[in-house]
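What follows is data.txt (compact mmCIF, C-alpha atoms (C1' of nucleotides)).
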# COMPACT_ATOMS: atom_id res chain seq x y z
CA MET A 918 17.41 -15.96 23.53
CA THR A 919 17.27 -13.29 20.93
CA THR A 920 18.27 -14.17 17.45
CA ALA A 921 21.21 -12.27 16.07
CA LYS A 922 19.44 -11.95 12.78
CA ALA A 923 19.96 -8.68 11.00
CA ALA A 924 16.32 -8.69 9.98
CA PRO A 925 14.67 -5.35 10.63
CA PRO A 926 12.87 -5.44 13.97
CA GLY A 927 9.91 -3.35 12.94
CA GLN A 928 9.04 -1.52 9.79
CA PRO A 929 12.17 -0.57 7.98
CA LEU A 930 10.28 1.89 5.82
CA ASP A 931 7.81 4.12 7.68
CA PRO A 932 4.53 3.12 6.00
CA LEU A 933 3.03 6.53 6.57
CA ILE A 934 5.64 8.07 4.33
CA HIS A 935 6.30 5.12 2.05
CA GLU A 936 2.80 5.00 0.59
CA ALA A 937 3.15 6.42 -2.92
CA SER A 938 0.67 9.31 -2.73
CA ARG A 939 1.95 10.46 0.65
CA LEU A 940 5.55 10.15 -0.50
CA VAL A 941 4.75 12.60 -3.27
CA ILE A 942 2.99 14.91 -0.83
CA VAL A 943 5.81 14.83 1.71
CA SER A 944 8.50 15.34 -0.89
CA VAL A 945 6.60 18.30 -2.28
CA LEU A 946 6.27 19.76 1.20
CA ALA A 947 9.98 19.20 1.76
CA GLU A 948 10.67 21.26 -1.32
CA CYS A 949 8.06 23.94 -0.88
CA ASP A 950 8.21 24.41 2.84
CA ILE A 951 4.61 25.56 2.71
CA ALA A 952 1.82 24.55 0.36
CA ASP A 953 -1.94 24.95 0.25
CA PHE A 954 -4.59 22.39 -0.60
CA ASN A 955 -5.03 23.41 -4.20
CA PHE A 956 -1.35 23.51 -4.91
CA LEU A 957 -1.01 19.98 -3.59
CA LEU A 958 -4.04 18.96 -5.62
CA ASP A 959 -2.30 20.22 -8.70
CA THR A 960 1.16 18.84 -8.09
CA THR A 961 0.02 15.42 -6.88
CA GLY A 962 -2.86 14.85 -9.28
CA LEU A 963 -4.93 13.28 -6.51
CA THR A 964 -8.67 13.77 -6.17
CA ARG A 965 -9.86 16.15 -3.46
CA GLY A 966 -11.21 13.34 -1.30
CA ASN A 967 -8.04 11.39 -1.53
CA LEU A 968 -5.81 14.33 -0.77
CA SER A 969 -8.01 15.29 2.16
CA THR A 970 -7.71 11.92 3.85
CA HIS A 971 -3.99 11.63 3.23
CA MET A 972 -3.43 15.07 4.74
CA ALA A 973 -5.58 14.13 7.71
CA ARG A 974 -3.39 11.09 8.33
CA LEU A 975 -0.18 13.05 8.08
CA VAL A 976 -1.55 15.67 10.44
CA ALA A 977 -2.78 13.01 12.89
CA ALA A 978 0.70 11.50 12.88
CA GLY A 979 2.22 14.86 13.70
CA TYR A 980 4.19 14.92 10.46
CA VAL A 981 2.38 17.89 9.00
CA GLN A 982 1.10 21.13 10.49
CA GLU A 983 -2.18 22.42 9.20
CA THR A 984 -3.38 26.02 9.29
CA LYS A 985 -6.95 26.78 8.37
CA GLU A 986 -8.08 30.33 7.79
CA PHE A 987 -10.45 32.30 5.65
CA VAL A 988 -9.04 34.10 2.64
CA ASP A 989 -11.44 36.34 0.73
CA ARG A 990 -14.19 34.88 2.89
CA LYS A 991 -13.38 31.40 1.63
CA PRO A 992 -11.73 28.55 3.52
CA HIS A 993 -8.05 28.11 2.87
CA THR A 994 -5.72 25.45 4.24
CA ASP A 995 -1.96 25.55 4.37
CA TYR A 996 0.31 22.63 5.13
CA ARG A 997 3.92 22.39 6.16
CA LEU A 998 6.17 19.65 7.45
CA SER A 999 6.68 19.63 11.20
CA ALA A 1000 10.08 18.96 12.70
CA ALA A 1001 8.95 15.40 13.34
CA GLY A 1002 7.82 15.08 9.74
CA ARG A 1003 11.10 16.36 8.44
CA ALA A 1004 13.00 13.94 10.66
CA ALA A 1005 10.79 11.02 9.64
CA TYR A 1006 11.28 11.86 5.99
CA LYS A 1007 15.04 11.96 6.49
CA ARG A 1008 14.98 8.59 8.25
CA TYR A 1009 12.78 7.15 5.53
CA ARG A 1010 15.11 8.21 2.75
CA GLU A 1011 18.13 6.85 4.57
CA ALA A 1012 16.35 3.54 5.16
CA TRP A 1013 15.34 3.31 1.52
CA ARG A 1014 18.84 3.97 0.32
CA ARG A 1015 20.26 1.40 2.68
CA LEU A 1016 17.74 -1.13 1.47
CA THR A 1017 18.35 -0.61 -2.20
CA SER A 1018 22.07 0.03 -2.13
CA HIS A 1019 23.89 -2.72 -3.87
CA SER A 1020 25.00 -1.66 -7.32
CA MET B 691 -7.45 -14.41 -11.27
CA THR B 692 -6.80 -10.91 -12.48
CA THR B 693 -4.42 -10.50 -15.33
CA ALA B 694 -1.07 -9.50 -14.02
CA LYS B 695 -0.14 -6.21 -15.52
CA ALA B 696 3.30 -4.81 -15.18
CA ALA B 697 4.24 -1.20 -14.72
CA PRO B 698 1.77 0.97 -16.58
CA PRO B 699 3.80 3.97 -17.67
CA GLY B 700 2.53 7.17 -16.17
CA GLN B 701 2.36 5.48 -12.80
CA PRO B 702 5.10 7.23 -10.89
CA LEU B 703 6.21 4.37 -8.69
CA ASP B 704 5.45 0.84 -9.89
CA PRO B 705 3.22 -0.42 -7.06
CA LEU B 706 4.31 -3.99 -7.58
CA ILE B 707 7.83 -3.06 -6.61
CA HIS B 708 7.09 -0.17 -4.29
CA GLU B 709 5.23 -2.24 -1.69
CA ALA B 710 7.64 -2.58 1.22
CA SER B 711 7.90 -6.37 1.46
CA ARG B 712 8.32 -6.78 -2.27
CA LEU B 713 10.88 -3.99 -2.41
CA VAL B 714 12.97 -5.97 0.07
CA ILE B 715 12.50 -9.15 -1.95
CA VAL B 716 13.39 -7.52 -5.24
CA SER B 717 16.42 -5.74 -3.83
CA VAL B 718 17.65 -9.02 -2.33
CA LEU B 719 17.18 -10.75 -5.68
CA ALA B 720 19.03 -7.92 -7.38
CA GLU B 721 21.96 -8.55 -5.08
CA CYS B 722 21.89 -12.34 -4.99
CA ASP B 723 20.99 -13.05 -8.58
CA ILE B 724 19.43 -16.30 -7.40
CA ALA B 725 17.75 -17.14 -4.11
CA ASP B 726 15.59 -19.94 -2.80
CA PHE B 727 12.43 -19.75 -0.72
CA ASN B 728 14.07 -20.34 2.63
CA PHE B 729 16.81 -17.83 2.01
CA LEU B 730 14.23 -15.18 1.20
CA LEU B 731 12.25 -16.26 4.24
CA ASP B 732 15.30 -15.63 6.36
CA THR B 733 16.44 -12.36 4.84
CA THR B 734 13.01 -10.78 4.61
CA GLY B 735 11.57 -11.98 7.91
CA LEU B 736 8.20 -12.59 6.28
CA THR B 737 5.95 -15.51 7.12
CA ARG B 738 5.78 -18.39 4.66
CA GLY B 739 2.29 -17.49 3.57
CA ASN B 740 3.15 -13.93 2.99
CA LEU B 741 6.31 -14.66 1.09
CA SER B 742 4.48 -17.21 -1.02
CA THR B 743 1.83 -14.74 -2.17
CA HIS B 744 4.31 -11.95 -2.82
CA MET B 745 6.44 -14.26 -4.94
CA ALA B 746 3.35 -15.42 -6.83
CA ARG B 747 2.53 -11.82 -7.69
CA LEU B 748 6.06 -11.06 -8.85
CA VAL B 749 6.06 -14.20 -10.96
CA ALA B 750 2.64 -13.41 -12.40
CA ALA B 751 3.90 -9.96 -13.38
CA GLY B 752 6.86 -11.50 -15.14
CA TYR B 753 9.33 -9.81 -12.85
CA VAL B 754 10.64 -13.02 -11.31
CA GLN B 755 11.42 -16.42 -12.74
CA GLU B 756 10.58 -19.41 -10.62
CA THR B 757 12.15 -22.84 -10.85
CA LYS B 758 10.65 -25.68 -8.88
CA GLU B 759 12.46 -28.96 -8.50
CA PHE B 760 12.99 -31.73 -5.99
CA VAL B 761 16.18 -31.68 -3.96
CA ASP B 762 16.76 -34.62 -1.65
CA ARG B 763 13.21 -35.74 -2.43
CA LYS B 764 11.87 -32.45 -1.11
CA PRO B 765 10.41 -29.54 -3.03
CA HIS B 766 12.76 -26.67 -3.61
CA THR B 767 12.04 -23.35 -5.27
CA ASP B 768 14.51 -20.91 -6.71
CA TYR B 769 13.79 -17.35 -7.73
CA ARG B 770 15.64 -14.89 -9.89
CA LEU B 771 14.84 -11.54 -11.43
CA SER B 772 13.82 -11.67 -15.07
CA ALA B 773 15.11 -9.09 -17.52
CA ALA B 774 11.75 -7.34 -17.20
CA GLY B 775 12.06 -7.40 -13.41
CA ARG B 776 15.53 -5.97 -13.53
CA ALA B 777 14.40 -3.22 -15.88
CA ALA B 778 11.34 -2.45 -13.75
CA TYR B 779 13.49 -2.24 -10.65
CA LYS B 780 15.87 0.11 -12.41
CA ARG B 781 12.97 2.31 -13.53
CA TYR B 782 11.52 2.24 -10.04
CA ARG B 783 14.73 3.40 -8.41
CA GLU B 784 15.18 6.16 -10.93
CA ALA B 785 11.60 7.32 -10.40
CA TRP B 786 12.05 7.26 -6.63
CA ARG B 787 15.21 9.30 -6.80
CA ARG B 788 13.64 11.81 -9.13
CA LEU B 789 10.69 12.11 -6.79
CA THR B 790 12.66 12.60 -3.62
CA SER B 791 15.51 14.66 -4.97
CA HIS B 792 14.73 18.07 -3.67
CA SER B 793 17.46 20.47 -4.66
C1' DG C 1376 -35.60 36.68 -2.65
C1' DC C 1377 -34.63 32.27 -5.56
C1' DC C 1378 -32.00 29.30 -8.53
C1' DT C 1379 -27.59 27.76 -10.42
C1' DT C 1380 -22.82 27.34 -10.39
C1' DA C 1381 -18.43 27.19 -8.19
C1' DA C 1382 -14.88 26.62 -4.60
C1' DA C 1383 -12.99 24.02 -0.83
C1' DG C 1384 -12.97 20.37 1.51
C1' DT C 1385 -15.18 16.07 4.06
C1' DT C 1386 -17.65 11.77 4.47
C1' DT C 1387 -18.94 7.33 2.73
C1' DG C 1388 -18.92 2.92 0.11
C1' DT C 1389 -16.22 -0.25 -2.16
C1' DA C 1390 -12.49 -2.91 -4.03
C1' DT C 1391 -7.89 -4.14 -3.24
C1' DC C 1392 -4.43 -6.26 -0.67
C1' DA C 1393 -1.08 -7.41 3.03
C1' DC C 1394 -0.98 -10.40 6.66
C1' DA C 1395 -0.95 -14.68 9.48
C1' DA C 1396 -3.53 -18.83 10.57
C1' DA C 1397 -4.91 -22.90 8.76
C1' DC C 1398 -4.23 -26.25 5.42
C1' DT C 1399 -1.88 -29.55 1.86
C1' DA C 1400 1.52 -32.79 0.39
C1' DG C 1401 5.15 -35.37 1.05
C1' DT C 1402 9.29 -37.09 4.18
C1' DT C 1403 11.73 -38.51 8.13
C1' DT C 1404 11.90 -40.27 12.77
C1' DA C 1405 10.22 -43.10 16.78
C1' DT D 463 1.33 -46.44 12.72
C1' DA D 464 1.77 -42.18 14.25
C1' DA D 465 3.93 -38.07 15.33
C1' DA D 466 6.85 -34.39 13.81
C1' DC D 467 9.16 -31.93 10.30
C1' DT D 468 9.85 -29.56 5.63
C1' DA D 469 8.23 -26.69 2.00
C1' DG D 470 5.24 -24.33 0.57
C1' DT D 471 -0.20 -22.79 -0.67
C1' DT D 472 -4.89 -21.34 0.35
C1' DT D 473 -8.17 -18.80 3.04
C1' DG D 474 -10.33 -15.34 6.16
C1' DT D 475 -9.95 -10.87 7.80
C1' DG D 476 -8.70 -6.30 8.99
C1' DA D 477 -6.71 -2.20 7.11
C1' DT D 478 -6.79 1.30 3.59
C1' DA D 479 -6.38 3.72 -0.87
C1' DC D 480 -9.50 5.39 -3.95
C1' DA D 481 -13.30 8.12 -6.12
C1' DA D 482 -18.18 9.29 -5.85
C1' DA D 483 -21.35 11.64 -3.32
C1' DC D 484 -22.19 15.04 0.03
C1' DT D 485 -21.64 19.57 2.80
C1' DT D 486 -20.90 24.29 3.27
C1' DT D 487 -20.23 28.88 2.01
C1' DA D 488 -20.02 32.38 -1.64
C1' DA D 489 -20.97 34.67 -5.91
C1' DG D 490 -23.71 35.53 -10.22
C1' DG D 491 -27.85 35.92 -12.81
C1' DC D 492 -32.94 36.99 -13.10

Taking this structure as input, can you express it in the form of structure tokens?
Amino acid sequence: MTTAKAAPPGQPLDPLIHEASRLVIVSVLAECDIADFNFLLDTTGLTRGNLSTHMARLVAAGYVQETKEFVDRKPHTDYRLSAAGRAAYKRYREAWRRLTSHS
Amino acid sequence: MTTAKAAPPGQPLDPLIHEASRLVIVSVLAECDIADFNFLLDTTGLTRGNLSTHMARLVAAGYVQETKEFVDRKPHTDYRLSAAGRAAYKRYREAWRRLTSHS
DNA sequence: GCCTTAAAGTTTGTATCACAAACTAGTTTA
DNA sequence: TAAACTAGTTTGTGATACAAACTTTAAGGC
């Protein structure tokens, strides 16, 4: 029979969002609505390689929408939270608050 | 063994506390003041091995105080947050809120 | 044309680390 | 004596965060 334990069944904190670098990225996107690669580079302080892979993961998860285009004949990438990403971020923050709410 | 360093300032979210399992542990300790191994096992849902290593890291960092004794001829371990752990947890929560507080 | 530098990302190698399985040490039960 | 239980610890491994190296395209000398 199933235990009545209140222990979280899965991951209480969505690891995709909880990871520190991505949490910064997502919270910036939540503020900015739209942001390009260089802006995120600047605000997060990550290296290009690091930012690139984190964005790829967020995109693969469907949390972030990516638009690639050429501006002044140079590549330019914009990112924005998807509806799913926004919802996941909301859930994450609620879960975190629940977890750390005592005092 | 690597020297256990605690909370280098400049690091936005103290990784020692931010990691999901340890965040649960620390927040439980913040509530309970004192907790033994089995209680943490129960409340966190971690395996023994996992809990053991996480506690070792928190102790090594000076965030948690460990008291080992024999109760009924059996080993028994109690944990509590140190002053440093309490302070680090406070800093962590403030940093998190700052990070995720978008207007 | 040819070299150098720069911008904008991507790919790759490595070091860390979370996780559970296996193990240790001692105790109780049969 | 042996099997089973309690209370943890150690070990092997798979995942992954990170920065260095690489790719690609463009612009600026010479």

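Among the candidates A:Glu986, A:Glu948, A:Glu1011, A:Asp931, the one nearest to chain C when counting all atoms listed in the file is A:Glu986.
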
Can I get the residues of chain C within 10 Å of chain B, each with the closest pair of atoms and their distance in Å to one decimal, using all atoms listed in the file, sorted chain first then ascending number, as a Markdown table?
| residue | atom | partner | partner_atom | distance |
| --- | --- | --- | --- | --- |
| C:DA1393 | C1' | B:Asn740 | CA | 7.8 |
| C:DC1394 | C1' | B:Asn740 | CA | 6.6 |
| C:DA1395 | C1' | B:Gly739 | CA | 7.3 |
| C:DA1396 | C1' | B:Gly739 | CA | 9.2 |
| C:DG1401 | C1' | B:Lys764 | CA | 7.6 |
| C:DT1402 | C1' | B:Lys764 | CA | 7.5 |

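When the distance limit is 7 Å and only C-alpha atoms (C1' of nucleotides) are what count, the residues near Gly752 in chain B, minus those fewer than 5 positions from it on the same chain, are Ser772, Ala774 and Gly775 of chain B.
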
Identify, on the basis of only C-alpha atoms (C1' of nucleotides), every residue whose closest approach to Met972 in chain A does not exceed 8 Å; exclude the query and any residue fewer than 4 positions from it along the same chain; express the result as a compact mmCIF listing (two decimals) with C-alpha atoms, in the coordinates of the input.
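Contents of selection_33.txt, freshly written:
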# COMPACT_ATOMS: atom_id res chain seq x y z
CA LEU A 968 -5.81 14.33 -0.77
CA VAL A 976 -1.55 15.67 10.44
CA VAL A 981 2.38 17.89 9.00

Item to check | Pairwise distance for CA of Arg1010 in chain A and CA of Val945 in chain A, rounded to one decimal in Å | outcome: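 Between CA of Arg1010 in chain A and CA of Val945 in chain A the gap works out to 14.1 Å.
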
Item to check | Between CA of Ala1012 in chain A and CA of Gly962 in chain A, distance in Å (one decimal) | outcome: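 About the pair CA of Ala1012 in chain A and CA of Gly962 in chain A: they are 26.6 Å apart.
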
Checklist entry - So these two share a sequence; what Cα RMSD do you get laying chain B over chain A, all Cα, in order, least squares? => result 6.9 Å

Item to check | Residue list for chain A near chain B as a ChimeraX atom specification, 7 Å, only C-alpha atoms | outcome: /A:924,930,937,941,944,948,1016-1017,1019

Checklist entry - What is the C1' of DA1381 in chain C-CA of Glu983 in chain A distance in Å, reported with one decimal? => result 24.3 Å

Output as JSON the centre and edge lengths (Å, one decimal) of the box along x, y and z of the file that holds every listed atom of range 950-964 of chain A after adding 6 Å on each side.
{"center_x": -0.2, "center_y": 19.4, "center_z": -3.2, "size_x": 28.9, "size_y": 24.3, "size_z": 24.1}

Checklist entry - Restricting the calculation to all atoms listed in the file, which member of D:DA464, D:DA488, D:DA469, D:DA479 is positioned closest to DT1391 in chain C? => result D:DA479

Checklist entry - Could you list, as a PyMOL selection string, every residue of chain D that has an atom within 12 Å of an atom of chain A, counting all atoms listed in the file? => result chain D and resi 478-484+486-489

Checklist entry - Got a sec: who's within 12 Å of DG490 in chain D, counting only C-alpha atoms (C1' of nucleotides), leaving out chain neighbours fewer than 6 positions off, as an MDAnalysis selection string? => result chainID C and resid 1378:1381

Checklist entry - Can you tell me, as number ranges by chain, what residues are no more than 10 Å from DT485 in chain D when counting all atoms listed in the file, ignoring any on the same chain fewer than 2 positions away? => result C: 1384-1386; D: 487
